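Below: the structure, in C-alpha cells.
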Amino acid sequence: MTISRERPSRRTAISDAALELAARGGNHAVTHTGIDMHLGLAKGSTSYYFRTRHALVAAAIARLTERSRADFAALFSAPPGDESRGPADLIANYLERLLTARRTDVLARYALATDAQLEPGTAEALAGCMFSVSAATGLMRDLGASHPDTAARDLVTLLEGVLFDRTHGTRAHASSGSATVRVDEIRSTVGLWLDALCARQ
C-alpha cells in the first residue's frame, strides 16, 4: 500500500520538475539526470519512473493538461462575485492566470514543442493541453453560432495567439499597465471575437 501511494506522488513531482526545468532552461534542460539533481533524488531515480525521454516529456504534457483542467474548472465553479461572469470574463481571467500564476506552464509548453513534434500523439496532447476545442464547441453552440465546430477552432486559434503575443510577442515587451488593465484588454478582444464568430453565417 505504501508503494502504490508513493509512486503517483513521485511521478507528479518528476513531471512538475520537468516543467520547471523546461520553463527556465528550454527543452534541453529536461534530462533524467537534471531532474534527479533538481529534486535531490538518487541518480537513476527519474529513469526508474520514466525510462525514456519520450515518456518523460509525455508525462510533463499530461501534467500540463491536468493543471489546466483543474484551473479552468475552478474558474467556472467559483462564486460570481461583483463583476460580470460572462464567457469573455471567464476566458480573460483564465488567460490572465496563464500569464501570471501559471507562467511556468506556458513557458514549458512552448519549450517542449520541439520534442512533442517527434511523436504525433504527444504533439496532439501538447496542442490541446491548455485550450479545449470540445469545451469551446459547447460554448459556441450555447452562444448560438451557426457553425459551432468551426467557430470553436477559430476561438482557440485566437486564444493561442493572444497567449503567445503576451508571452513572446510584441505585447510581451510593451507596458500594458496593471493586471486589471490587461484583463480588460483581453476581455474586450475576446468579446469582440465571440460576437463576430456568432454573427458569422
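Please note that chains go A, B, ... in the order of the C-alpha cells, that every chain numbers its residues from 1, and that ligands are numbered from 1 in the order shown.
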
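Proximity to A:Ala55 at 12 Å, evaluated using only C-alpha atoms and with sequence-adjacent residues fewer than 2 positions away removed, yields A:Arg11, A:Ile14, A:Ser15, A:Ala18, A:Val30, A:Thr31, A:His32, A:Thr46, A:Ser47, A:Tyr48, A:Tyr49, A:Phe50, A:Arg51, A:Thr52, A:Arg53, A:Val57, A:Ala58, A:Ala59, A:Ala60, A:Ile61, A:Ala62, A:Asp115, A:Ala116, A:Glu119, A:Gly121, A:Thr122.
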
Given only C-alpha atoms, how would the per-residue table for stretch 98-126 of chain A near stretch 25-28 of chain A read, listing every residue at most 10 Å away with its closest atom pair and distance in Å to one decimal, sorted by chain and number, as a Markdown table?
| residue | atom | partner | partner_atom | distance |
| --- | --- | --- | --- | --- |
| A:Leu107 | CA | A:Gly26 | CA | 8.4 |
| A:Ala108 | CA | A:Gly26 | CA | 7.3 |
| A:Arg109 | CA | A:Asn27 | CA | 9.5 |
| A:Tyr110 | CA | A:Gly26 | CA | 8.6 |
| A:Ala111 | CA | A:Gly26 | CA | 5.1 |
| A:Leu112 | CA | A:Asn27 | CA | 5.4 |
| A:Ala113 | CA | A:Asn27 | CA | 8.4 |
| A:Thr114 | CA | A:Asn27 | CA | 7.8 |
| A:Asp115 | CA | A:Asn27 | CA | 7.4 |

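Among the candidate residues A:Thr170, A:Leu90, A:Arg103, A:Ala196, the one lying nearest to A:Ser77 is A:Leu90, with distances computed using only C-alpha atoms.
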
Can you tell me which residues surround A:Gly161 at a distance of at most 12 Å, considering only C-alpha atoms, apart from same-chain residues fewer than 2 positions away, and format the answer as a PyMOL selection string? chain A and resi 95+131+154-159+163-171+186+189-190

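The space separating atom CA of A:Glu185 from atom CA of A:Ala73 comes to 22.9 Å.
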
Among chain A, which ones does DSSP place in alpha helix (DSSP H), written as a PyMOL selection string? chain A and resi 2-25+32-39+45-49+53-77+87-99+103-111+113-116+120-127+133-142+148-167+179-199

Selected residues, C-alpha atoms, written as a short mmCIF file (atom, residue, chain, number, x, y, z; two decimals), in the first residue's frame, please.
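The new file result_21.cif reads:
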data_model
loop_
_atom_site.label_atom_id
_atom_site.label_comp_id
_atom_site.auth_asym_id
_atom_site.auth_seq_id
_atom_site.Cartn_x
_atom_site.Cartn_y
_atom_site.Cartn_z
CA THR A 2 2.83 2.38 0.81
CA ILE A 3 4.45 1.85 -2.60
CA SER A 4 1.21 2.44 -4.51
CA ARG A 5 0.76 5.78 -2.73
CA GLU A 6 4.36 6.91 -3.18
CA ARG A 7 4.72 6.23 -6.88
CA PRO A 8 1.98 8.58 -8.16
CA SER A 9 3.34 11.29 -5.85
CA ARG A 10 6.90 10.79 -7.09
CA ARG A 11 5.73 10.73 -10.72
CA THR A 12 3.90 14.01 -10.19
CA ALA A 13 6.96 15.59 -8.58
CA ILE A 14 9.11 14.49 -11.51
CA SER A 15 6.59 15.82 -14.02
CA ASP A 16 6.44 19.15 -12.19
CA ALA A 17 10.24 19.32 -12.13
CA ALA A 18 10.38 18.67 -15.88
CA LEU A 19 8.05 21.62 -16.44
CA GLU A 20 10.10 23.89 -14.19
CA LEU A 21 13.35 22.98 -15.92
CA ALA A 22 11.82 23.41 -19.38
CA ALA A 23 10.44 26.83 -18.44
CA ARG A 24 13.78 28.02 -17.05
CA GLY A 25 16.24 26.41 -19.44
CA HIS A 32 16.77 12.47 -16.30
CA THR A 33 19.96 13.50 -14.52
CA GLY A 34 18.87 17.13 -14.35
CA ILE A 35 15.60 16.18 -12.68
CA ASP A 36 17.37 13.91 -10.21
CA MET A 37 19.62 16.82 -9.23
CA HIS A 38 16.74 19.33 -9.15
CA LEU A 39 14.71 17.16 -6.78
CA SER A 45 15.53 7.72 -9.83
CA THR A 46 13.84 9.57 -12.68
CA SER A 47 14.85 6.81 -15.11
CA TYR A 48 13.14 4.29 -12.85
CA TYR A 49 9.79 6.03 -13.30
CA ARG A 53 12.89 10.93 -22.76
CA HIS A 54 9.66 10.48 -24.71
CA ALA A 55 7.96 9.03 -21.63
CA LEU A 56 9.26 11.93 -19.54
CA VAL A 57 8.03 14.59 -21.98
CA ALA A 58 4.67 12.84 -22.35
CA ALA A 59 4.25 12.81 -18.57
CA ALA A 60 5.07 16.52 -18.34
CA ILE A 61 2.48 17.31 -21.01
CA ALA A 62 -0.11 15.15 -19.25
CA ARG A 63 0.61 17.14 -16.09
CA LEU A 64 0.06 20.40 -18.01
CA THR A 65 -3.33 19.11 -19.13
CA GLU A 66 -4.22 18.11 -15.58
CA ARG A 67 -3.31 21.55 -14.23
CA SER A 68 -5.27 23.32 -16.97
CA ARG A 69 -8.43 21.30 -16.44
CA ALA A 70 -8.31 21.90 -12.70
CA ASP A 71 -7.69 25.61 -13.19
CA PHE A 72 -10.49 26.06 -15.69
CA ALA A 73 -12.92 24.03 -13.55
CA ALA A 74 -12.06 26.20 -10.54
CA LEU A 75 -12.87 29.35 -12.51
CA PHE A 76 -16.28 28.03 -13.52
CA SER A 77 -17.12 26.80 -10.02
CA PRO A 87 -17.88 33.94 -21.33
CA ALA A 88 -15.49 36.78 -22.19
CA ASP A 89 -14.85 37.42 -18.47
CA LEU A 90 -14.13 33.78 -17.71
CA ILE A 91 -11.83 33.39 -20.70
CA ALA A 92 -9.98 36.64 -19.90
CA ASN A 93 -9.47 35.58 -16.29
CA TYR A 94 -8.19 32.17 -17.42
CA LEU A 95 -5.71 33.81 -19.80
CA GLU A 96 -4.59 36.19 -17.07
CA ARG A 97 -3.84 33.21 -14.82
CA LEU A 98 -1.85 31.58 -17.61
CA LEU A 99 0.17 34.78 -17.97
CA ARG A 103 3.53 31.37 -16.49
CA THR A 104 5.88 28.45 -15.83
CA ASP A 105 3.38 26.11 -17.50
CA VAL A 106 3.11 28.37 -20.54
CA LEU A 107 6.88 28.72 -20.96
CA ALA A 108 7.32 24.96 -20.51
CA ARG A 109 4.68 24.27 -23.14
CA TYR A 110 6.49 26.35 -25.74
CA ALA A 111 9.85 24.85 -24.75
CA ALA A 113 7.00 21.88 -28.55
CA THR A 114 10.05 20.65 -30.48
CA ASP A 115 10.19 17.38 -28.56
CA ALA A 116 6.45 16.88 -28.84
CA PRO A 120 2.20 12.51 -33.25
CA GLY A 121 0.29 11.53 -30.12
CA THR A 122 2.43 13.72 -27.90
CA ALA A 123 2.14 16.66 -30.30
CA GLU A 124 -1.65 16.35 -30.24
CA ALA A 125 -1.65 16.23 -26.44
CA LEU A 126 0.50 19.36 -26.24
CA ALA A 127 -1.75 21.18 -28.70
CA VAL A 133 -11.81 22.54 -28.63
CA SER A 134 -14.67 20.42 -27.29
CA ALA A 135 -15.36 22.92 -24.48
CA ALA A 136 -15.13 25.78 -26.96
CA THR A 137 -17.57 23.97 -29.25
CA GLY A 138 -20.08 23.68 -26.43
CA LEU A 139 -19.66 27.37 -25.65
CA MET A 140 -20.16 28.45 -29.27
CA ARG A 141 -23.20 26.22 -29.55
CA ASP A 142 -24.67 27.78 -26.40
CA PRO A 148 -20.06 25.84 -33.61
CA ASP A 149 -17.30 23.39 -34.59
CA THR A 150 -15.60 25.87 -36.92
CA ALA A 151 -16.24 28.80 -34.59
CA ALA A 152 -14.69 26.86 -31.70
CA ARG A 153 -11.49 26.19 -33.60
CA ASP A 154 -11.31 29.84 -34.63
CA LEU A 155 -11.78 30.86 -30.99
CA VAL A 156 -8.97 28.56 -29.84
CA THR A 157 -6.74 29.99 -32.58
CA LEU A 158 -7.46 33.48 -31.25
CA LEU A 159 -6.68 32.47 -27.67
CA GLU A 160 -3.43 30.78 -28.70
CA GLY A 161 -2.45 33.99 -30.49
CA VAL A 162 -3.28 36.19 -27.51
CA LEU A 163 -1.29 33.92 -25.20
CA PHE A 164 1.76 33.83 -27.46
CA ASP A 165 1.64 37.58 -28.13
CA ARG A 166 1.63 38.38 -24.42
CA THR A 167 4.32 35.80 -23.67
CA ALA A 179 -3.27 43.36 -14.24
CA THR A 180 -6.76 44.85 -14.25
CA VAL A 181 -5.98 46.79 -17.42
CA ARG A 182 -4.60 43.65 -19.04
CA VAL A 183 -7.70 41.62 -18.17
CA ASP A 184 -9.90 44.39 -19.54
CA GLU A 185 -7.91 44.43 -22.79
CA ILE A 186 -8.16 40.66 -23.18
CA ARG A 187 -11.86 40.67 -22.27
CA SER A 188 -12.54 43.30 -24.92
CA THR A 189 -10.68 41.33 -27.60
CA VAL A 190 -12.36 38.04 -26.71
CA GLY A 191 -15.78 39.69 -26.51
CA LEU A 192 -15.43 41.16 -29.99
CA TRP A 193 -14.39 37.81 -31.42
CA LEU A 194 -17.22 35.94 -29.71
CA ASP A 195 -19.70 38.39 -31.20
CA ALA A 196 -18.11 38.11 -34.63
CA LEU A 197 -17.97 34.31 -34.58
CA CYS A 198 -21.60 34.04 -33.52
CA ALA A 199 -22.73 36.56 -36.15
#

Coordinates-based distance that separates atom CA of A:Arg85 from atom CA of A:Met130 (Å, one decimal):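 Rounded to one decimal, the two atoms are 20.2 Å apart.
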
Residue among A:Ala172, A:Ser178, A:Gly86, A:Thr100 lying closest to A:Leu143, counting only C-alpha atoms: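 Using only C-alpha atoms, A:Leu143 sits closest to A:Gly86.
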
Which value, in Å to one decimal, gives the distance between atom CA of A:Gln117 and atom CA of A:Ala29?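 So the two atoms, atom CA of A:Gln117 and atom CA of A:Ala29, lie 17.4 Å apart.
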